Each structure stands twice: as structure tokens, then as C-alpha cells.
Amino acid sequence: MTWSARQYSLFEQQRTRPVRDLVAAIPTATAHLAVDLGCGPGNSTEVLAERFPDARVTGIDSSEDMLAEARRRLPALTFELADIAAWNPAAAVDVILANASLQWLPDHASLYPRLVGKLKAGGTLAVQTPDNLEEPAHRLARQVAAQGPWADRIGAIRHPERHTGDFYFQLLSPCCRAVDVWRTTYLHPLANHAAVVEWFKGSALRPYLDPLEPAQRDAFLAAYLEGIVAAYPALDDGRVLLPFPRLFVVATR
Ligand SMILES: C[S@@+](CC[C@H](N)C(=O)[O-])C[C@H]1O[C@@H](n2cnc3c(N)ncnc32)[C@H](O)[C@@H]1O
């Protein structure tokens, strides 16, 4: 799947708010080694580096486009091209941040404990994943994908894996001294309905759009916009409040 740093960063302020809330909840006091898994354009890495100014901070991502933007933004930090599924640090680390990235990976039942296993005692894994698969924006994407002329190519695409908070609490409690889980729904004020489409073009729609030719992509987006207009009422001033539920897991080894 291809990622565009430019498209993703259109809503950077709103996308970075959960990172701030997540990093603020990390109980580990000091860190020598901190890693940002799925660092994207470096927005989450920046928050991590601000919180742990003495740490050696590394950002990991599988997208060259995202890494180029992260390196431009934070030239003093280290960024590496790697798959989170295969990430295996040479030494145990103090903090692992994964903001809006692990939802793209399968097999959380083994992934999360494996990541905890890369922490020093007292170190923390801090994860935020969107919890919005049943929101209208996602249901519409599945519906448009399944009903258009592109159905044979993208109609069966599903996002890899999502679980409720109690799944992660029970999964990580046996290998952690503390597990903190919570869910928040952000209400993002966006300029109009077209902005809602732009938001998801930068993330959840990518698996559907990537396989399509440009003309089909435009047709998909037009059908999707029509559904978004019907599903999200505009405010009096024309803006749209986009509800976005997110799940947070902060696990300390
Ligand atoms: C939604 S962005 C999150 C960016 C940033 N962490 C933030 O807080 O806004 C997800 C990022 O995860 C990366 N990613 C997805 N799957 C990955 C994998 N298996 N290995 C490494 N990076 C991955 C994508 O390239 C993308 O940059």
C-alpha cells in the first residue's frame, strides 16, 4: 500500500492530538532509547522526542515517502525503513510508541506481547489505534467498494484486525506490571464534506484507491462523497464535525 506524506499531513494538527494524549500517559520517567513504530511524517516522533529530550529516538516506517518527510522535519533523529512485523532492536528499549500504525498489522495476539518483550523492565509500550470500523465513514467505504464496477478488485478488502479494550488488557496483563486502556471519541471540525473525504483519502481509503485506475478512483470518490454528505449532517456554518473513536493501550513491563 502506498502512503503520501503530503495527503496524510493535510490534517496534521487533528491527527497529532491523540499522540499528545497518549505520550502524556506514559509512566516511564526517563528514557535512553525510544522508538516510534510507524512514525509517518515524523509528527508523532516529534512529540516523543519532546517528552524524552535525553533519549536516542528512532523512527521506523515502511514508506519511503513518509520517511523522507520525517528526515526533513527532524534531521537530528534517526529514521529507518523497516517492517514493524520484522522489527527486532539490537538492545532492549525504554519506550515504544505506535500511534495509528498497528491497526495495519495482523495477529495482535502475538504482535503486542512480542513488542513488550523488546522493552527493558519498567519500559512502556504506548499504542493508539482507530476504533472506527463501524463508523459511517468506514461502512460507506466497504459499501461503495462492494457495489461499484470495481467490486471484483476491491469489494472484499477488509482492514486487518481490531479488538476491544478488554482484549488488550487481558492479553498484556500477564506480561506487564500495569496496563492502562481507554477509549476516546474526538470530534474533529472539518471545513466541509469534501474535507471528510480528503481526511480518509490520506489513511483508511488507501487500500481501496490504490488498486484503481485514475478514472475509477474519481468515480469511487464521487460515490463516497455522496454517502458522506448523507451520513454526516453539516453544522449551521457548513462545517462537519467528524466523530473519530480511538483506543489507547499503555502497557508497562
Ligand atoms: C496513519 S500513519 C501514522 C503516522 C504517525 N505515527 C502519526 O501518529 O500520525 C501510519 C504509518 O504506519 C506506517 N506503516 C503501516 N504499516 C507498517 C508496517 N508494517 N511497518 C512499518 N510501518 C508501517 C505507514 O507507512 C504510515 O506512515
# chains A, B, ... in the order shown; residues from 1 in each chain; ligands from 1

call {"tool": "residues_around", "arguments": {"residues": "Gln170 (chain A)", "least_positions_apart": "4", "cutoff": "12 Å", "atoms": "only C-alpha atoms", "output": "MDAnalysis selection string"}}
result
chainID A and resid 109 112:113 163:166 174:176 178:181 249 251

call {"tool": "closest_atom_pairs", "arguments": {"of": "chain A", "to": "ligand 1", "cutoff": "8 Å", "atoms": "only C-alpha atoms and all ligand atoms", "output": "tab-separated table"}}
result
residue	atom	partner	partner_atom_place_in_ligand_line	distance
A:Thr2	CA	ligand 1	25 (O)	7.6
A:Trp3	CA	ligand 1	25 (O)	5.9
A:Ala5	CA	ligand 1	27 (O)	7.6
A:Tyr8	CA	ligand 1	2 (S)	7.4
A:Glu12	CA	ligand 1	9 (O)	7.3
A:Arg15	CA	ligand 1	9 (O)	5.5
A:Thr16	CA	ligand 1	9 (O)	5.8
A:Pro18	CA	ligand 1	8 (O)	7.8
A:Val19	CA	ligand 1	8 (O)	5.9
A:Asp36	CA	ligand 1	6 (N)	7.1
A:Leu37	CA	ligand 1	22 (N)	6.4
A:Gly38	CA	ligand 1	12 (O)	3.6
A:Cys39	CA	ligand 1	6 (N)	4.1
A:Gly40	CA	ligand 1	27 (O)	3.3
A:Pro41	CA	ligand 1	4 (C)	6.4
A:Gly42	CA	ligand 1	5 (C)	6.6
A:Asn43	CA	ligand 1	7 (C)	5.9
A:Ser44	CA	ligand 1	8 (O)	4.5
A:Thr45	CA	ligand 1	6 (N)	7.3
A:Ile60	CA	ligand 1	21 (C)	6.2
A:Asp61	CA	ligand 1	22 (N)	3.7
A:Ser62	CA	ligand 1	21 (C)	4.1
A:Ser63	CA	ligand 1	25 (O)	4.5
A:Met66	CA	ligand 1	27 (O)	5.5
A:Leu67	CA	ligand 1	27 (O)	7.8
A:Leu81	CA	ligand 1	21 (C)	7.5
A:Ala82	CA	ligand 1	21 (C)	5.7
A:Asp83	CA	ligand 1	20 (N)	3.5
A:Ile84	CA	ligand 1	20 (N)	3.9
A:Ala85	CA	ligand 1	19 (N)	5.7
A:Ala98	CA	ligand 1	6 (N)	6.3
A:Asn99	CA	ligand 1	8 (O)	4.4
A:Ala100	CA	ligand 1	3 (C)	4.6
A:Ser101	CA	ligand 1	12 (O)	4.1
A:Leu102	CA	ligand 1	16 (N)	6.8
A:Gln103	CA	ligand 1	16 (N)	7.9
A:Trp104	CA	ligand 1	16 (N)	5.1
A:Leu105	CA	ligand 1	19 (N)	5.8
A:Gly202	CA	ligand 1	1 (C)	8.0
A:Ser203	CA	ligand 1	1 (C)	5.8

call {"tool": "write_last_selection", "arguments": {"atoms": "N, CA, C and O atoms", "output": "compact mmCIF listing (two decimals), in the first residue's frame"}}
result
# COMPACT_ATOMS: atom_id res chain seq x y z
N THR A 2 0.53 2.24 -0.83
CA THR A 2 1.35 3.45 -0.87
C THR A 2 0.80 4.51 0.09
O THR A 2 -0.41 4.64 0.27
N TRP A 3 1.70 5.27 0.67
CA TRP A 3 1.32 6.35 1.58
C TRP A 3 1.84 7.66 1.02
O TRP A 3 2.93 7.70 0.44
N ALA A 5 2.87 11.38 2.29
CA ALA A 5 3.08 12.26 3.45
C ALA A 5 2.28 13.55 3.29
O ALA A 5 1.71 14.07 4.25
N TYR A 8 -1.47 12.82 3.99
CA TYR A 8 -1.68 12.49 5.40
C TYR A 8 -1.56 13.74 6.28
O TYR A 8 -2.30 13.92 7.24
N GLU A 12 -2.77 17.49 9.96
CA GLU A 12 -1.76 17.09 10.95
C GLU A 12 -2.12 17.47 12.38
O GLU A 12 -1.93 16.69 13.31
N ARG A 15 -4.62 15.03 13.69
CA ARG A 15 -4.08 13.67 13.78
C ARG A 15 -3.06 13.55 14.91
O ARG A 15 -2.82 12.46 15.42
N THR A 16 -2.44 14.68 15.29
CA THR A 16 -1.40 14.62 16.32
C THR A 16 -1.97 14.77 17.72
O THR A 16 -1.32 14.41 18.70
N PRO A 18 -4.20 12.92 19.38
CA PRO A 18 -4.14 11.66 20.14
C PRO A 18 -2.72 11.27 20.55
O PRO A 18 -2.53 10.64 21.59
N VAL A 19 -1.72 11.65 19.75
CA VAL A 19 -0.33 11.34 20.12
C VAL A 19 0.02 12.05 21.43
O VAL A 19 0.63 11.46 22.33
N ASP A 36 9.66 5.02 17.63
CA ASP A 36 8.33 5.33 17.12
C ASP A 36 8.05 4.40 15.94
O ASP A 36 8.63 4.56 14.86
N LEU A 37 7.18 3.41 16.16
CA LEU A 37 6.88 2.42 15.12
C LEU A 37 5.75 2.95 14.23
O LEU A 37 4.66 3.22 14.71
N GLY A 38 6.01 3.05 12.93
CA GLY A 38 5.03 3.64 12.01
C GLY A 38 5.03 5.14 12.21
O GLY A 38 3.99 5.76 12.45
N CYS A 39 6.23 5.73 12.11
CA CYS A 39 6.42 7.15 12.50
C CYS A 39 5.76 8.12 11.54
O CYS A 39 5.60 9.29 11.86
N GLY A 40 5.40 7.65 10.31
CA GLY A 40 4.78 8.56 9.36
C GLY A 40 5.69 9.74 9.05
O GLY A 40 6.92 9.59 8.99
N PRO A 41 5.11 10.95 8.90
CA PRO A 41 5.91 12.12 8.53
C PRO A 41 6.70 12.71 9.71
O PRO A 41 7.24 13.81 9.59
N GLY A 42 6.72 12.02 10.85
CA GLY A 42 7.53 12.48 11.98
C GLY A 42 6.74 13.27 13.01
O GLY A 42 7.30 13.71 14.02
N ASN A 43 5.44 13.45 12.81
CA ASN A 43 4.64 14.23 13.77
C ASN A 43 4.61 13.56 15.13
O ASN A 43 4.77 14.21 16.18
N SER A 44 4.44 12.23 15.15
CA SER A 44 4.43 11.51 16.43
C SER A 44 5.84 11.43 17.03
O SER A 44 6.01 11.53 18.25
N THR A 45 6.84 11.29 16.16
CA THR A 45 8.24 11.22 16.63
C THR A 45 8.63 12.51 17.34
O THR A 45 9.36 12.50 18.34
N ILE A 60 10.63 4.35 12.80
CA ILE A 60 10.61 3.20 11.87
C ILE A 60 9.37 3.35 10.99
O ILE A 60 8.27 3.59 11.50
N ASP A 61 9.52 3.16 9.68
CA ASP A 61 8.35 3.17 8.81
C ASP A 61 8.67 2.38 7.54
O ASP A 61 9.83 2.22 7.17
N SER A 62 7.61 1.86 6.90
CA SER A 62 7.81 1.09 5.67
C SER A 62 7.59 1.94 4.43
O SER A 62 7.65 1.42 3.31
N SER A 63 7.31 3.24 4.60
CA SER A 63 7.06 4.13 3.46
C SER A 63 8.23 5.10 3.29
O SER A 63 8.52 5.90 4.18
N MET A 66 7.01 8.77 3.52
CA MET A 66 6.85 9.24 4.91
C MET A 66 8.22 9.51 5.54
O MET A 66 8.43 10.52 6.21
N LEU A 67 9.18 8.60 5.32
CA LEU A 67 10.50 8.75 5.95
C LEU A 67 11.22 10.00 5.44
O LEU A 67 11.89 10.70 6.20
N LEU A 81 13.99 2.52 7.37
CA LEU A 81 12.98 1.82 6.57
C LEU A 81 12.91 0.37 7.07
O LEU A 81 13.90 -0.37 7.00
N ALA A 82 11.77 -0.01 7.61
CA ALA A 82 11.63 -1.39 8.12
C ALA A 82 10.16 -1.71 8.29
O ALA A 82 9.31 -0.82 8.40
N ASP A 83 9.87 -3.01 8.30
CA ASP A 83 8.52 -3.50 8.55
C ASP A 83 8.39 -3.75 10.06
O ASP A 83 9.24 -4.45 10.65
N ILE A 84 7.36 -3.19 10.67
CA ILE A 84 7.16 -3.36 12.12
C ILE A 84 7.10 -4.86 12.46
O ILE A 84 7.61 -5.28 13.50
N ALA A 85 6.51 -5.65 11.56
CA ALA A 85 6.35 -7.09 11.83
C ALA A 85 7.70 -7.78 12.03
O ALA A 85 7.78 -8.80 12.72
N ALA A 98 3.54 3.58 19.26
CA ALA A 98 2.97 3.17 17.96
C ALA A 98 1.62 3.87 17.85
O ALA A 98 0.61 3.39 18.36
N ASN A 99 1.62 5.03 17.21
CA ASN A 99 0.40 5.81 17.10
C ASN A 99 -0.20 5.67 15.70
O ASN A 99 0.41 6.07 14.70
N ALA A 100 -1.39 5.09 15.63
CA ALA A 100 -2.13 4.93 14.37
C ALA A 100 -1.37 4.09 13.35
O ALA A 100 -1.42 4.37 12.15
N SER A 101 -0.65 3.08 13.82
CA SER A 101 0.09 2.22 12.88
C SER A 101 -0.23 0.74 13.03
O SER A 101 -0.34 0.02 12.04
N LEU A 102 -0.40 0.24 14.27
CA LEU A 102 -0.52 -1.22 14.43
C LEU A 102 -1.83 -1.76 13.86
O LEU A 102 -1.94 -2.98 13.63
N GLN A 103 -2.82 -0.90 13.60
CA GLN A 103 -4.07 -1.39 13.00
C GLN A 103 -3.84 -1.92 11.58
O GLN A 103 -4.69 -2.61 11.04
N TRP A 104 -2.68 -1.60 10.99
CA TRP A 104 -2.38 -2.10 9.65
C TRP A 104 -1.71 -3.47 9.70
O TRP A 104 -1.45 -4.05 8.64
N LEU A 105 -1.40 -3.95 10.92
CA LEU A 105 -0.70 -5.24 11.02
C LEU A 105 -1.63 -6.32 11.56
O LEU A 105 -2.49 -6.05 12.39
N GLY A 202 -6.25 10.10 2.96
CA GLY A 202 -4.89 10.02 3.50
C GLY A 202 -4.65 8.81 4.36
O GLY A 202 -3.53 8.58 4.82
N SER A 203 -5.69 7.99 4.62
CA SER A 203 -5.48 6.84 5.53
C SER A 203 -6.38 5.67 5.12
O SER A 203 -6.01 4.85 4.27

call {"tool": "closest_residue", "arguments": {"among": "A:Ala191, A:Val240, A:Leu205, A:Val144", "to": "Glu226 (chain A)", "atoms": "only C-alpha atoms"}}
result
A:Val144

call {"tool": "atom_distance", "arguments": {"atom1": "CA of Leu247 (chain A)", "atom2": "CA of Leu97 (chain A)"}}
result
13.9 Å

call {"tool": "select_by_dssp", "arguments": {"residues": "region 71-224 of chain A", "states": "strand (DSSP E or B)", "output": "MDAnalysis selection string"}}
result
chainID A and resid 78:81 93:99 119:130 178:190

call {"tool": "select_by_dssp", "arguments": {"residues": "region 100-134 of chain A", "states": "helix (DSSP H, G or I)", "output": "VMD selection string"}}
result
chain A and resid 102 to 104 108 to 116

call {"tool": "residues_around", "arguments": {"residues": "region 219-225 of chain A", "least_positions_apart": "6", "cutoff": "7 Å", "atoms": "only C-alpha atoms", "output": "PyMOL selection string"}}
result
chain A and resi 140-141+144+194+197

call {"tool": "closest_residue", "arguments": {"among": "A:Ala151, A:Leu187, A:Leu33, A:Ile96", "to": "Gln216 (chain A)", "atoms": "only C-alpha atoms"}}
result
A:Ala151

call {"tool": "closest_residue", "arguments": {"among": "A:Glu46, A:Ala24, A:Leu212, A:Asp131", "to": "Arg73 (chain A)", "atoms": "only C-alpha atoms"}}
result
A:Glu46

call {"tool": "atom_distance", "arguments": {"atom1": "CA of Val116 (chain A)", "atom2": "CA of Leu22 (chain A)"}}
result
16.6 Å

call {"tool": "closest_residue", "arguments": {"among": "A:Arg177, A:Arg51, A:Pro130, A:Leu190", "to": "Ala204 (chain A)", "atoms": "only C-alpha atoms"}}
result
A:Pro130

call {"tool": "residues_around", "arguments": {"residues": "Leu115 (chain A)", "least_positions_apart": "5", "cutoff": "9 Å", "atoms": "only C-alpha atoms", "output": "ChimeraX atom specification"}}
result
/A:87-88,96,110,125

call {"tool": "residues_around", "arguments": {"residues": "Ala92 (chain A)", "least_positions_apart": "3", "cutoff": "7 Å", "atoms": "only C-alpha atoms", "output": "list in words"}}
result
Pro89, Lys118, Leu119 and Lys120 of chain A

call {"tool": "write_last_selection", "arguments": {"atoms": "N, CA and C atoms", "output": "mmCIF file, in the first residue's frame"}}
result
data_model
loop_
_atom_site.group_PDB
_atom_site.id
_atom_site.type_symbol
_atom_site.label_atom_id
_atom_site.label_comp_id
_atom_site.auth_asym_id
_atom_site.auth_seq_id
_atom_site.Cartn_x
_atom_site.Cartn_y
_atom_site.Cartn_z
ATOM 1 N N PRO A 89 15.028 -4.867 17.633
ATOM 2 C CA PRO A 89 16.128 -3.970 18.020
ATOM 3 C C PRO A 89 17.317 -4.742 18.605
ATOM 4 N N LYS A 118 10.433 -6.522 23.860
ATOM 5 C CA LYS A 118 11.587 -5.707 23.436
ATOM 6 C C LYS A 118 11.871 -4.572 24.417
ATOM 7 N N LEU A 119 11.059 -4.495 25.518
ATOM 8 C CA LEU A 119 11.218 -3.405 26.492
ATOM 9 C C LEU A 119 12.129 -3.816 27.648
ATOM 10 N N LYS A 120 12.845 -2.835 28.209
ATOM 11 C CA LYS A 120 13.518 -3.040 29.499
ATOM 12 C C LYS A 120 12.447 -3.147 30.581
#

call {"tool": "atom_distance", "arguments": {"atom1": "CA of Asp107 (chain A)", "atom2": "CA of Phe248 (chain A)"}}
result
17.7 Å

call {"tool": "closest_residue", "arguments": {"among": "A:Asp237, A:Arg17, A:Arg6, A:Pro106", "to": "Ala68 (chain A)", "atoms": "only C-alpha atoms"}}
result
A:Arg6

call {"tool": "decode", "arguments": {"residues": "region 157-201 of chain A", "atoms": "N, CA and C atoms", "output": "mmCIF file, in the first residue's frame"}}
result
data_model
loop_
_atom_site.group_PDB
_atom_site.id
_atom_site.type_symbol
_atom_site.label_atom_id
_atom_site.label_comp_id
_atom_site.auth_asym_id
_atom_site.auth_seq_id
_atom_site.Cartn_x
_atom_site.Cartn_y
_atom_site.Cartn_z
ATOM 1 N N ILE A 157 -11.975 -6.201 0.299
ATOM 2 C CA ILE A 157 -10.891 -5.690 1.150
ATOM 3 C C ILE A 157 -11.416 -5.382 2.552
ATOM 4 N N ARG A 158 -10.700 -5.863 3.554
ATOM 5 C CA ARG A 158 -11.044 -5.569 4.951
ATOM 6 C C ARG A 158 -9.784 -5.108 5.671
ATOM 7 N N HIS A 159 -9.941 -4.194 6.614
ATOM 8 C CA HIS A 159 -8.785 -3.793 7.414
ATOM 9 C C HIS A 159 -8.389 -4.964 8.306
ATOM 10 N N PRO A 160 -7.083 -5.178 8.531
ATOM 11 C CA PRO A 160 -6.605 -6.409 9.130
ATOM 12 C C PRO A 160 -7.281 -6.826 10.445
ATOM 13 N N GLU A 161 -7.247 -5.976 11.456
ATOM 14 C CA GLU A 161 -7.650 -6.504 12.761
ATOM 15 C C GLU A 161 -7.976 -5.381 13.738
ATOM 16 N N ARG A 162 -9.077 -5.502 14.439
ATOM 17 C CA ARG A 162 -9.381 -4.562 15.535
ATOM 18 C C ARG A 162 -9.943 -5.384 16.686
ATOM 19 N N HIS A 163 -9.655 -4.938 17.921
ATOM 20 C CA HIS A 163 -10.189 -5.602 19.115
ATOM 21 C C HIS A 163 -10.681 -4.544 20.087
ATOM 22 N N THR A 164 -11.481 -4.978 21.067
ATOM 23 C CA THR A 164 -11.928 -4.057 22.107
ATOM 24 C C THR A 164 -10.847 -3.960 23.193
ATOM 25 N N GLY A 165 -11.022 -2.979 24.080
ATOM 26 C CA GLY A 165 -10.023 -2.733 25.106
ATOM 27 C C GLY A 165 -9.759 -3.924 26.009
ATOM 28 N N ASP A 166 -10.817 -4.684 26.333
ATOM 29 C CA ASP A 166 -10.603 -5.803 27.262
ATOM 30 C C ASP A 166 -9.710 -6.885 26.654
ATOM 31 N N PHE A 167 -9.722 -7.016 25.324
ATOM 32 C CA PHE A 167 -8.823 -7.972 24.660
ATOM 33 C C PHE A 167 -7.365 -7.629 24.984
ATOM 34 N N TYR A 168 -7.009 -6.342 24.812
ATOM 35 C CA TYR A 168 -5.622 -5.937 25.044
ATOM 36 C C TYR A 168 -5.275 -5.994 26.536
ATOM 37 N N PHE A 169 -6.259 -5.643 27.386
ATOM 38 C CA PHE A 169 -5.995 -5.680 28.831
ATOM 39 C C PHE A 169 -5.662 -7.107 29.266
ATOM 40 N N GLN A 170 -6.470 -8.060 28.811
ATOM 41 C CA GLN A 170 -6.233 -9.458 29.208
ATOM 42 C C GLN A 170 -4.982 -10.030 28.543
ATOM 43 N N LEU A 171 -4.705 -9.603 27.332
ATOM 44 C CA LEU A 171 -3.535 -10.092 26.596
ATOM 45 C C LEU A 171 -2.234 -9.665 27.280
ATOM 46 N N LEU A 172 -2.210 -8.396 27.747
ATOM 47 C CA LEU A 172 -0.942 -7.838 28.219
ATOM 48 C C LEU A 172 -0.763 -7.911 29.736
ATOM 49 N N SER A 173 -1.845 -8.083 30.481
ATOM 50 C CA SER A 173 -1.714 -8.104 31.946
ATOM 51 C C SER A 173 -0.732 -9.176 32.444
ATOM 52 N N PRO A 174 -0.716 -10.392 31.857
ATOM 53 C CA PRO A 174 0.219 -11.408 32.363
ATOM 54 C C PRO A 174 1.693 -11.046 32.175
ATOM 55 N N CYS A 175 2.022 -10.175 31.204
ATOM 56 C CA CYS A 175 3.447 -9.862 30.977
ATOM 57 C C CYS A 175 3.793 -8.420 31.340
ATOM 58 N N CYS A 176 2.862 -7.705 32.002
ATOM 59 C CA CYS A 176 3.113 -6.295 32.321
ATOM 60 C C CYS A 176 2.768 -6.003 33.781
ATOM 61 N N ARG A 177 3.477 -5.039 34.371
ATOM 62 C CA ARG A 177 3.146 -4.658 35.762
ATOM 63 C C ARG A 177 1.926 -3.735 35.784
ATOM 64 N N ALA A 178 1.670 -3.026 34.695
ATOM 65 C CA ALA A 178 0.489 -2.149 34.636
ATOM 66 C C ALA A 178 0.003 -2.046 33.202
ATOM 67 N N VAL A 179 -1.325 -2.095 33.044
ATOM 68 C CA VAL A 179 -1.919 -1.908 31.719
ATOM 69 C C VAL A 179 -3.047 -0.883 31.863
ATOM 70 N N ASP A 180 -2.960 0.181 31.077
ATOM 71 C CA ASP A 180 -3.936 1.276 31.130
ATOM 72 C C ASP A 180 -4.608 1.327 29.756
ATOM 73 N N VAL A 181 -5.945 1.139 29.745
ATOM 74 C CA VAL A 181 -6.670 1.107 28.467
ATOM 75 C C VAL A 181 -7.811 2.107 28.531
ATOM 76 N N TRP A 182 -7.967 2.920 27.507
ATOM 77 C CA TRP A 182 -9.134 3.793 27.444
ATOM 78 C C TRP A 182 -9.510 4.081 25.995
ATOM 79 N N ARG A 183 -10.741 4.584 25.835
ATOM 80 C CA ARG A 183 -11.271 4.879 24.507
ATOM 81 C C ARG A 183 -11.798 6.308 24.531
ATOM 82 N N THR A 184 -11.472 7.067 23.497
ATOM 83 C CA THR A 184 -11.912 8.466 23.403
ATOM 84 C C THR A 184 -12.505 8.696 22.018
ATOM 85 N N THR A 185 -13.600 9.450 21.965
ATOM 86 C CA THR A 185 -14.094 9.882 20.656
ATOM 87 C C THR A 185 -13.767 11.361 20.485
ATOM 88 N N TYR A 186 -12.905 11.650 19.507
ATOM 89 C CA TYR A 186 -12.597 13.039 19.169
ATOM 90 C C TYR A 186 -13.662 13.542 18.205
ATOM 91 N N LEU A 187 -13.987 14.826 18.296
ATOM 92 C CA LEU A 187 -14.910 15.442 17.343
ATOM 93 C C LEU A 187 -14.104 16.470 16.550
ATOM 94 N N HIS A 188 -13.726 16.093 15.347
ATOM 95 C CA HIS A 188 -12.846 16.951 14.555
ATOM 96 C C HIS A 188 -13.675 17.892 13.678
ATOM 97 N N PRO A 189 -13.576 19.218 13.886
ATOM 98 C CA PRO A 189 -14.297 20.145 12.999
ATOM 99 C C PRO A 189 -13.561 20.252 11.661
ATOM 100 N N LEU A 190 -14.205 19.796 10.584
ATOM 101 C CA LEU A 190 -13.599 19.866 9.250
ATOM 102 C C LEU A 190 -14.366 20.874 8.405
ATOM 103 N N ALA A 191 -13.711 21.447 7.403
ATOM 104 C CA ALA A 191 -14.263 22.597 6.666
ATOM 105 C C ALA A 191 -15.596 22.278 5.997
ATOM 106 N N ASN A 192 -15.744 21.061 5.475
ATOM 107 C CA ASN A 192 -16.968 20.677 4.758
ATOM 108 C C ASN A 192 -16.921 19.165 4.501
ATOM 109 N N HIS A 193 -17.891 18.658 3.728
ATOM 110 C CA HIS A 193 -17.914 17.211 3.481
ATOM 111 C C HIS A 193 -16.729 16.755 2.634
ATOM 112 N N ALA A 194 -16.306 17.619 1.695
ATOM 113 C CA ALA A 194 -15.153 17.242 0.865
ATOM 114 C C ALA A 194 -13.917 17.026 1.740
ATOM 115 N N ALA A 195 -13.815 17.788 2.829
ATOM 116 C CA ALA A 195 -12.665 17.625 3.727
ATOM 117 C C ALA A 195 -12.696 16.273 4.433
ATOM 118 N N VAL A 196 -13.904 15.767 4.709
ATOM 119 C CA VAL A 196 -14.007 14.428 5.316
ATOM 120 C C VAL A 196 -13.421 13.391 4.351
ATOM 121 N N VAL A 197 -13.738 13.551 3.068
ATOM 122 C CA VAL A 197 -13.190 12.626 2.064
ATOM 123 C C VAL A 197 -11.672 12.763 2.005
ATOM 124 N N GLU A 198 -11.178 13.997 2.026
ATOM 125 C CA GLU A 198 -9.723 14.207 1.988
ATOM 126 C C GLU A 198 -9.049 13.551 3.189
ATOM 127 N N TRP A 199 -9.679 13.653 4.351
ATOM 128 C CA TRP A 199 -9.138 13.037 5.570
ATOM 129 C C TRP A 199 -8.921 11.538 5.337
ATOM 130 N N PHE A 200 -9.945 10.850 4.856
ATOM 131 C CA PHE A 200 -9.835 9.396 4.724
ATOM 132 C C PHE A 200 -9.022 8.983 3.494
ATOM 133 N N LYS A 201 -8.908 9.887 2.499
ATOM 134 C CA LYS A 201 -8.009 9.611 1.370
ATOM 135 C C LYS A 201 -6.581 9.429 1.860
#
